[in-house]
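One structure below.
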Amino acid sequence: MERATISPSLNQNYLLSPSRAFTTRLHSFSSSTRNLSPSSSSIKLQHSSPPSSVLSSVINGGINTRCNAVLSNSSSTETTEYADIDWDSIGFGLKSTDYMYVMKCNLDGEFSKGELQRFGNLEVSPSAGVLNYGQGLFEGMKAYRKQDGKTILLFRPEENANRMRFGADRMCMPAPTVEQFIEAVKATVLANKRWIPPPGKGSLYIRPLLMGTGAVLGLAPAPEYTFLVYVSPVGNYFKEGVAPINLIVESEFHRATPGGTGGVKTIGNYAAVLKAQSIAKAKGYSDVLYLDCVYKRFLEEVSSCNIFIVKDNVISTPEIKGTILPGITRKSIIDVARTQGFQVEERNVTVDELLEADEVFCTGTAVVVSPVGSITYKGKRVSYGEGSFGPVSEKVYTVLTSLQMGLSEDNMNWTVNLS
């Protein structure tokens with residue numbers, strides 16, 4: 001078995017910006033065995049060498065990481081190593097994995113070579129741009145294990161990289177190149193390979209973050225930035241699993257406004273939906289469906305996913321016009337549906353059309369495709385289907401997930417094989 005080789009800097013504190021005196025702990029996961037040593041930086045990370053199953057090398061400024069499976073006594077037979085957790089009940093929650101990837105950007109706007117580090121807490125200056133002015137973006141992706149238990153697949157990672165770059169421009173932030181982004185994701189996934197669920201048990205959720213970690217007091221872009229990738233094994237997003245969810249239409253609270261940041265994946269967009277979502281969940285609903293803030297009659301999106309309706313086998317979804325996140329699963333479903341012969345319309349969709357639809361479903365990285373069982377609007381509840389997927393949503397769900405999991409031939413060239 002090959003041994004890992006790492007750069008000397010992994011055995012030292014990785015200082016991401018010059019700041020001194022006061023620091024605020026930004027908690028990711030706590031661990032009594034992962035304590036941070038004092039430092040005079042504005043963001044400080046603990047380091048530890050990657051496991052012996054990981055080989056990291058720098059190639060043209062990027063990271064190429066290969067994870068070896070645990071070998072059995074026979075040199076010709078490989079067995080797959082898994083983390084010791086209950087894979088049948090992982091749900092959609094945070095689980096502390098082994099490694100994260102960190103890369104920093106100095107004042108020149110160029111990102112340095114990134115490195116794998118032990119997953120742990122961060123310390124950042126209380127005047128960091130992300131804490132004071134919300135200068136931060138994130139992405140959501142998944143890695144799947146194929147039926148052979150060894151092959152690992154990513155789904156359209158270049159789309160996430162490009163979306164982060166688009167969002168970074170809107171938020172006045174430098175962003176990693178597409179190549180840097182994808183290499184960071186690959187390295188993080190392979191370093192945490194044992195946390196990828198067995199086939200059919202879930203997926204490895206991947207969370208890339210871009211944060212203004214440099215200290216700034218006046219309203220201005222941060223002087224320094226940190227790109228970070230961490231992962232967690234997950235199951236279904238909604239507690240209902242793939243059973244239909246129940247939504248309530250919200251007409252008072254709004255997720256986004258024209259000219260705002262609703263079309264990019266900035267962190268503030270999600271804090272803004274927590275109030276309405278909490279009220280809805282307290283009443284027994286799964287989530288909230290938002291309307292436009294001008295006319296209060298056109299559908300926008302659910303808190304963390306896009307919305308589709310089906311009428312007479314025609315699929316319709318709100319068009320992307322600055323207030324709706326351009327979901328990658330949304331984009332993929334549209335393409336898949338058209339390859340299956342369905343007519344798909346991207347346009348203004350009214351709440352009246354929603355109430356008259358034959359099927360309604362949501363899409364997103366976390367939920368993939370989730371059927372909607374009922375919509376409640378101004379006290380009126382409308383139900384769809386008979387407690388399961390409708391025929392159209394089931395078809396596009398099956399085709400998409402078969403591609404993502406490697407169960408069917410990828411004629412779209414969407415998956416990236418990490419094995």
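All residue names refer to the structure tokens as shown: chains lettered A, B, ... in order, residues numbered from 1 in each chain, ligands numbered from 1 in order.
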
Checklist entry - Pro258 of chain A: which residues within 12 Å, counting only C-alpha atoms, same-chain residues fewer than 3 positions away excluded, as a ChimeraX atom specification? => result /A:254-255,261-263,292-295,300,320-324

Go ahead and write the selection's residues with all heavy atoms as a compact mmCIF listing (two decimals), in the first residue's frame.
```txt
# COMPACT_ATOMS: atom_id res chain seq x y z
N HIS A 254 -40.76 37.39 2.13
CA HIS A 254 -40.23 37.17 0.79
C HIS A 254 -38.77 36.75 0.86
O HIS A 254 -38.01 37.25 1.69
CB HIS A 254 -40.39 38.41 -0.08
CG HIS A 254 -41.82 38.78 -0.32
ND1 HIS A 254 -42.62 38.09 -1.20
CD2 HIS A 254 -42.61 39.74 0.24
CE1 HIS A 254 -43.85 38.61 -1.20
NE2 HIS A 254 -43.86 39.61 -0.32
N ARG A 255 -38.41 35.84 -0.04
CA ARG A 255 -37.05 35.33 -0.06
C ARG A 255 -36.09 36.28 -0.76
O ARG A 255 -34.92 36.40 -0.38
CB ARG A 255 -37.04 33.96 -0.75
CG ARG A 255 -35.65 33.35 -0.87
CD ARG A 255 -35.64 32.15 -1.79
NE ARG A 255 -34.27 31.79 -2.11
CZ ARG A 255 -33.58 32.33 -3.11
NH1 ARG A 255 -34.15 33.23 -3.89
NH2 ARG A 255 -32.32 31.96 -3.33
N THR A 261 -29.87 39.69 -4.25
CA THR A 261 -28.93 38.58 -4.39
C THR A 261 -29.62 37.22 -4.44
O THR A 261 -28.99 36.19 -4.20
CB THR A 261 -27.92 38.60 -3.22
OG1 THR A 261 -28.63 38.49 -1.98
CG2 THR A 261 -27.09 39.86 -3.24
N GLY A 262 -30.92 37.21 -4.75
CA GLY A 262 -31.65 35.95 -4.77
C GLY A 262 -31.16 34.96 -5.79
O GLY A 262 -31.38 33.76 -5.66
N GLY A 263 -30.46 35.45 -6.82
CA GLY A 263 -29.98 34.58 -7.88
C GLY A 263 -28.60 34.00 -7.65
O GLY A 263 -28.08 33.29 -8.51
N ASP A 292 -43.40 35.98 -5.70
CA ASP A 292 -42.66 37.19 -6.03
C ASP A 292 -43.11 38.32 -5.11
O ASP A 292 -44.24 38.33 -4.62
CB ASP A 292 -42.88 37.57 -7.50
CG ASP A 292 -44.24 38.20 -7.73
OD1 ASP A 292 -45.26 37.47 -7.70
OD2 ASP A 292 -44.31 39.43 -7.92
N CYS A 293 -42.22 39.27 -4.85
CA CYS A 293 -42.52 40.32 -3.88
C CYS A 293 -43.24 41.51 -4.49
O CYS A 293 -43.68 42.41 -3.76
CB CYS A 293 -41.24 40.79 -3.20
SG CYS A 293 -40.11 41.65 -4.30
N VAL A 294 -43.40 41.54 -5.81
CA VAL A 294 -44.04 42.67 -6.47
C VAL A 294 -45.54 42.44 -6.62
O VAL A 294 -46.37 43.20 -6.12
CB VAL A 294 -43.40 42.96 -7.84
CG1 VAL A 294 -44.12 44.12 -8.54
CG2 VAL A 294 -41.92 43.28 -7.67
N TYR A 295 -45.90 41.36 -7.30
CA TYR A 295 -47.31 41.06 -7.56
C TYR A 295 -47.91 40.05 -6.59
O TYR A 295 -49.13 39.91 -6.49
CB TYR A 295 -47.48 40.55 -9.00
CG TYR A 295 -46.98 41.51 -10.04
CD1 TYR A 295 -45.74 41.31 -10.66
CD2 TYR A 295 -47.71 42.63 -10.40
CE1 TYR A 295 -45.26 42.19 -11.61
CE2 TYR A 295 -47.25 43.52 -11.35
CZ TYR A 295 -46.02 43.30 -11.95
OH TYR A 295 -45.54 44.18 -12.89
N GLU A 300 -41.89 31.56 -6.98
CA GLU A 300 -40.44 31.74 -7.03
C GLU A 300 -39.75 30.41 -6.70
O GLU A 300 -39.45 29.65 -7.58
CB GLU A 300 -40.00 32.86 -6.08
CG GLU A 300 -40.56 34.22 -6.49
CD GLU A 300 -39.50 35.24 -6.83
OE1 GLU A 300 -38.64 35.48 -5.97
OE2 GLU A 300 -39.52 35.80 -7.95
N ILE A 320 -35.58 31.84 -14.66
CA ILE A 320 -34.49 32.46 -13.91
C ILE A 320 -34.37 33.92 -14.34
O ILE A 320 -34.12 34.21 -15.51
CB ILE A 320 -33.16 31.73 -14.18
CG1 ILE A 320 -33.26 30.26 -13.77
CG2 ILE A 320 -32.02 32.42 -13.45
CD1 ILE A 320 -33.54 30.02 -12.32
N LYS A 321 -34.59 34.83 -13.40
CA LYS A 321 -34.52 36.26 -13.74
C LYS A 321 -33.95 37.10 -12.61
O LYS A 321 -34.31 38.26 -12.44
CB LYS A 321 -35.91 36.76 -14.13
CG LYS A 321 -37.00 36.45 -13.12
CD LYS A 321 -38.36 36.90 -13.64
CE LYS A 321 -39.46 36.57 -12.63
NZ LYS A 321 -40.78 37.00 -13.13
N GLY A 322 -33.07 36.51 -11.81
CA GLY A 322 -32.37 37.28 -10.79
C GLY A 322 -32.84 37.08 -9.37
O GLY A 322 -32.11 37.37 -8.43
N THR A 323 -34.07 36.59 -9.20
CA THR A 323 -34.58 36.37 -7.84
C THR A 323 -34.65 34.89 -7.48
O THR A 323 -34.99 34.54 -6.36
CB THR A 323 -35.99 36.98 -7.68
OG1 THR A 323 -36.85 36.41 -8.66
CG2 THR A 323 -35.95 38.49 -7.84
N ILE A 324 -34.36 34.03 -8.42
CA ILE A 324 -34.44 32.59 -8.23
C ILE A 324 -33.07 31.98 -8.46
O ILE A 324 -32.39 32.31 -9.44
CB ILE A 324 -35.47 31.96 -9.19
CG1 ILE A 324 -36.87 32.51 -8.90
CG2 ILE A 324 -35.47 30.44 -9.08
CD1 ILE A 324 -37.89 32.13 -9.94
```

Next on the checklist: Let's see if you can do this: from backbone DSSP, list all alpha helix (DSSP H) residues in segment 243-322 of chain A, as a PyMOL selection string.
Outcome noted: chain A and resi 268-271+274-282

Env of segment 197-201 of chain A: 6 Å cut, atoms = only C-alpha atoms, seq-sep filter 5 positions within chain, self excluded. Answer as a compact mmCIF listing (two decimals) with all heavy atoms, in the first residue's frame.
```txt
# COMPACT_ATOMS: atom_id res chain seq x y z
N ARG A 145 -21.49 6.39 -4.49
CA ARG A 145 -20.72 5.16 -4.67
C ARG A 145 -21.53 4.24 -5.60
O ARG A 145 -22.71 3.97 -5.35
CB ARG A 145 -20.50 4.49 -3.31
CG ARG A 145 -19.45 3.38 -3.34
CD ARG A 145 -19.34 2.73 -1.97
NE ARG A 145 -18.82 3.61 -0.93
CZ ARG A 145 -17.55 3.77 -0.65
NH1 ARG A 145 -16.64 3.11 -1.34
NH2 ARG A 145 -17.16 4.57 0.33
N LYS A 146 -20.89 3.77 -6.65
CA LYS A 146 -21.58 2.88 -7.58
C LYS A 146 -21.82 1.51 -6.95
O LYS A 146 -21.32 1.20 -5.87
CB LYS A 146 -20.77 2.73 -8.87
CG LYS A 146 -20.77 3.97 -9.76
CD LYS A 146 -20.05 3.73 -11.08
CE LYS A 146 -20.79 2.74 -11.97
NZ LYS A 146 -20.18 2.64 -13.32
N GLN A 147 -22.58 0.67 -7.65
CA GLN A 147 -22.95 -0.64 -7.12
C GLN A 147 -21.76 -1.53 -6.83
O GLN A 147 -21.86 -2.42 -5.97
CB GLN A 147 -23.89 -1.34 -8.11
CG GLN A 147 -25.28 -0.72 -8.21
CD GLN A 147 -26.03 -0.76 -6.88
OE1 GLN A 147 -26.30 0.27 -6.28
NE2 GLN A 147 -26.34 -1.96 -6.41
```

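Checking A:Gly202, A:Gly134, A:Pro371, A:Gly120 one by one against Leu219 of chain A, counting only C-alpha atoms, you find the shortest gap at A:Gly134.
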
Item to check | Shortest interatomic distance to Pro157 of chain A - which of A:Thr79, A:Ser304, A:Gln180, A:Ser402, counting only C-alpha atoms | outcome: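 Closest to Pro157 of chain A of all the choices is A:Gln180.
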
Item to check | DSSP strand (DSSP E or B) selection over segment 231-332 of chain A, as a PyMOL selection string | outcome: chain A and resi 231-234+245-250+266+287-291+298-302+305-311+314-318

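If you look at atom CA of Phe138 of chain A and atom CA of Lys193 of chain A, they are 21.7 Å away from each other.
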
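Considering the residues A:Gly129, A:Gly364, A:Gly93, A:Gly268 and counting only C-alpha atoms, Thr226 of chain A has its shortest atom-to-atom contact with A:Gly129.
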
Next on the checklist: Here is a test: counting only C-alpha atoms, which residue of A:Gly109, A:Gly218, A:Gly167, A:Gly91 is nearest to Asn132 of chain A?
Outcome noted: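 Among the listed residues, the smallest separation from Asn132 of chain A belongs to A:Gly218.
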
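Nearest-residue note for Lys186 of chain A: choosing from A:Lys142, A:Arg330, A:Lys395, A:Arg170, the minimum distance belongs to A:Lys142, counting only C-alpha atoms.
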
Checklist entry - With distances taken over only C-alpha atoms, which of A:Lys296, A:Lys150, A:Arg156, A:Lys95 is nearest to Ser332 of chain A? => result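 Checking each candidate against Ser332 of chain A, we get A:Arg156 as the closest.
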
Next on the checklist: Quick one: residues within 7 Å of Ala128 of chain A, only C-alpha atoms, excluding same-chain residues fewer than 5 positions away - as a PyMOL selection string?
Outcome noted: chain A and resi 212-216

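By chain and then residue number, the residues within 12 Å of Arg297 of chain A are Val249, Glu250, Ser251, Glu252, Leu289, Tyr290, Leu291, Pro318, Asn348, Val349, Thr350, Val351, Asp352, Glu353, Leu354, Leu355 and Tyr377 of chain A, counting only C-alpha atoms and disregarding those fewer than 6 positions away in sequence.
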
Item to check | Residues near Arg338 of chain A, cut-off 12 Å, only C-alpha atoms, skip fewer than 3 positions along chain, as an MDAnalysis selection string | outcome: chainID A and resid 313:316 331:335 341:345 392 395:396 399

Next on the checklist: Can you pull out the residues contacting Tyr144 of chain A? Cut-off 6 Å, using only C-alpha atoms, and skip same-chain residues under 2 positions away; I want them as number ranges by chain.
Outcome noted: A: 152-153, 203, 405
